[in-house]
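Visitor: Before anything else, here's the structure in question.
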Amino acid sequence: MENGEIPENANEHCPGPQSESAGKSDACQGCPNQEVCATAPKGPDPDLVAIAERMATVKHKILVLSGKGGVGKSTFSAQLSFALAAKDFQVGLLDIDICGPSIPKMLGLEGQDIHQSNLGWSPVYVESNLGVMSIGFMLPNPDEAVIWRGPRKNGLIKQFLKDVYWGELDFLVVDAPPGTSDEHISIVQFLQATGIDGAIIVTTPQQVSLIDVRKEVSFCKKVGVPVLGVVENMSGLCQPLRDFRFLKMTENGEHSDLTEKVIEYMREKAPEMLDLIAASEVFDSSGGGAAKMCTEMGVPFLGKVPLDPQLCKAAEEGKSCFAERNCSISAPALKNIVEKLMTNYWREEMSVEQ
């Protein structure tokens with residue numbers, strides 16, 4: 001049983017192991033933990049003191065959240081970290097998606113191990129000013145499933161916060177799993193006393209995603225975490241026309257590739273078309289998308305990031321889209337969002353950067 005946490009097998013109206021009535025109230029009768037709770041020492045969780053000491057050297061803490069999975073939250077976390085590091089800030093990226101850690105892949109760190117020193121666990125570094133911590137570095141086999149209940153996941157998150165030695169950080173970006181469950185409650189509980197700048201919430205434009213993302217906004221409001229803004233990711237497929245394949249469907253349903261012929265025709269008859277950007281709405285945004293949701297819920301809208309195959313490729317290869325000239329569509333959109341965050345919330349850091 002973690003300090004202060006209600007055990008999974010507790011009775012329905014458990015007063016909590018830190019309560020003065022723990023193990024003594026009527027609700028405790030018949031609980032398998034009754035004797036342990038009645039005799040356990042009461043008081044503040046000592047680990048919270050250790051976490052506060054670790055976080056004292058971290059200026060800004062940012063949660064990246066989403067109520068919906070598969071919206072590109074980890075991609076955004078990775079590229080936000082790359083962008084901040086490129087501004088010469090000291091950046092840490094903490095992956096608390098215990099069951100689906102994708103950050104090592106997206107930072108190009110697969111196969112790396114965590115090292116321990118007398119100061120604690122050392123992050124794995126992409127660059128001298130960008131360190132990463134994830135359970136992905138601890139798995140003996142990358143295909144290994146992490147089948148853990150809430151208390152064990154919460155225990156690892158607590159260990160990450162109190163045992164990892166980040167040193168002096170300007171920004172700690174926390175990539176959380178989708179939803180509003182154990183990991184989210186734990187990270188807020190463990191960090192709240194140290195000060196959380198706020199949460200960036202990622203969504204896609206369609207209502208299927210926004211329905212769940214509204215719950216994430218509501219969660220932040222209930223637990224007192226400011227919403228720094230909402231990012232609408234995969235906001236339409238955009239790429240140069242010359243990068244498309246052109247197919248003709250045959251009568252039996254097979255595809256015939258006409259790409260070379262079409263490109264050659266355009267090159268001869270209308271070469272200016274090869275410089276055009278083609279856009280298509282992949283997800284239905286007729287409901288107003290993230291911008292409308294932000295207006296209705298009273299939270300800032302940070303902007304849209306198009307679905308860019310080159311950004312997807314950069315994430316697969318563990319690279320920064322800002323360093324890749326091929327990401328000419330997504331990189332400016334992401335850069336605008338980062339600049340808006342800096343202007344709105346970290347103006348003092350901008351003056352230091354300049």
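Ordering of the structure tokens sets the chain letters (A, B, ...), residue numbers begin anew at 1 in every chain, and ligands are numbered from 1 in the order given.
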List as number ranges by chain the protein and nucleic acid residues near A:Thr259, meaning an atom at most 7 Å away when only C-alpha atoms are counted, but skip any in the same chain fewer than 4 places from it.
Guide: A: 245-247, 263
Visitor: What does the file look like for those residues with N, CA and C atoms, as a compact mmCIF listing (two decimals), in the first residue's frame?
Guide:
```
# COMPACT_ATOMS: atom_id res chain seq x y z
N ARG A 245 0.56 9.99 -54.67
CA ARG A 245 0.47 8.94 -55.69
C ARG A 245 -0.88 9.06 -56.36
N PHE A 246 -0.92 8.83 -57.65
CA PHE A 246 -2.16 8.91 -58.40
C PHE A 246 -2.51 7.52 -58.91
N LEU A 247 -3.70 7.06 -58.52
CA LEU A 247 -4.10 5.68 -58.81
C LEU A 247 -5.39 5.67 -59.61
N ILE A 263 2.53 13.11 -63.12
CA ILE A 263 3.57 14.08 -62.79
C ILE A 263 4.22 14.61 -64.07
```
Visitor: Using only C-alpha atoms, tabulate the residues of stretch 239-347 of chain A lying at most 9 Å from any atom of stretch 55-76 of chain A, each with its closest atom pair and that distance in Å to one decimal, by chain and increasing residue number, as a tab-separated table.
Guide:
```
residue	atom	partner	partner_atom	distance
A:Leu311	CA	A:Thr75	CA	8.7
A:Cys312	CA	A:Thr75	CA	8.3
A:Ala315	CA	A:Thr75	CA	6.5
A:Leu334	CA	A:Phe76	CA	8.4
A:Trp346	CA	A:His60	CA	8.9
```
Visitor: Just the residues within 7 Å of stretch 154-157 of chain A, please, counting only C-alpha atoms, with nothing from its chain fewer than 3 positions along; format it as a PyMOL selection string.
Guide: chain A and resi 2+96+150-151+160-161+182-183+186
Visitor: Pick out the residues sitting within 12 Å of A:Asp143, and hand them over as number ranges by chain; count only C-alpha atoms, and ignore anything fewer than 5 positions along from it in its own chain.
Guide: A: 99-102, 136
Visitor: A:Val36, A:Ala333, A:Ile51, A:Met266: which is nearest A:Phe190, counting only C-alpha atoms?
Guide: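 Checking each of A:Val36, A:Ala333, A:Ile51, A:Met266 against A:Phe190, counting only C-alpha atoms, the winner is A:Ile51.
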Visitor: My list of candidates is A:Ser128, A:Ser81, A:Ser286, A:Thr194. Which is closest to A:Lys319 when distances are computed with only C-alpha atoms?
Guide: A:Ser81
Visitor: Would you please work out which residue, of A:Glu110, A:Asp95, A:Glu232, A:Asp275, is nearest to A:Cys294 when using only C-alpha atoms?
Guide: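 Result for the nearest residue to A:Cys294: A:Glu232.
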Visitor: Give me the stretch 241-313 of chain A side of the contact with stretch 216-221 of chain A, cut-off 12 Å, one line per residue showing its nearest atom pair and distance in Å at one decimal, counting only C-alpha atoms, sorted by chain and residue number, as a Markdown table.
Guide:
```
| residue | atom | partner | partner_atom | distance |
| --- | --- | --- | --- | --- |
| A:Ala290 | CA | A:Val217 | CA | 11.7 |
| A:Met293 | CA | A:Val217 | CA | 10.0 |
| A:Cys294 | CA | A:Val217 | CA | 9.3 |
| A:Glu296 | CA | A:Val217 | CA | 11.3 |
| A:Met297 | CA | A:Val217 | CA | 8.0 |
| A:Gly298 | CA | A:Val217 | CA | 9.7 |
| A:Val299 | CA | A:Val217 | CA | 8.3 |
| A:Pro300 | CA | A:Val217 | CA | 11.0 |
```
Visitor: Could you save those same residues with C-alpha atoms as a compact mmCIF listing (two decimals), in the first residue's frame?
Guide:
```
# COMPACT_ATOMS: atom_id res chain seq x y z
CA ALA A 290 -11.29 22.33 -31.13
CA MET A 293 -14.94 23.65 -27.94
CA CYS A 294 -12.41 26.09 -26.46
CA GLU A 296 -17.62 26.99 -25.15
CA MET A 297 -15.41 25.78 -22.28
CA GLY A 298 -13.50 29.01 -21.75
CA VAL A 299 -9.99 27.71 -22.42
CA PRO A 300 -7.33 29.02 -24.86
```
Visitor: Which of stretch 148-261 of chain A counts as strand (DSSP E or B) under DSSP, as a PyMOL selection string please?
Guide: chain A and resi 164+169-175+198-203+227-240+247-249+255-257
Visitor: Just how far from atom CA of A:Leu302 is atom CA of A:Ile337, in Å to one decimal?
Guide: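 Separation of atom CA of A:Ile337 and atom CA of A:Leu302: 5.8 Å.
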Visitor: Between A:Ser77, A:Ser134, A:Ser25, A:Asn326, which is the closest to A:Val338 once you count only C-alpha atoms?
Guide: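 Selected residue with least distance to A:Val338: A:Ser77.
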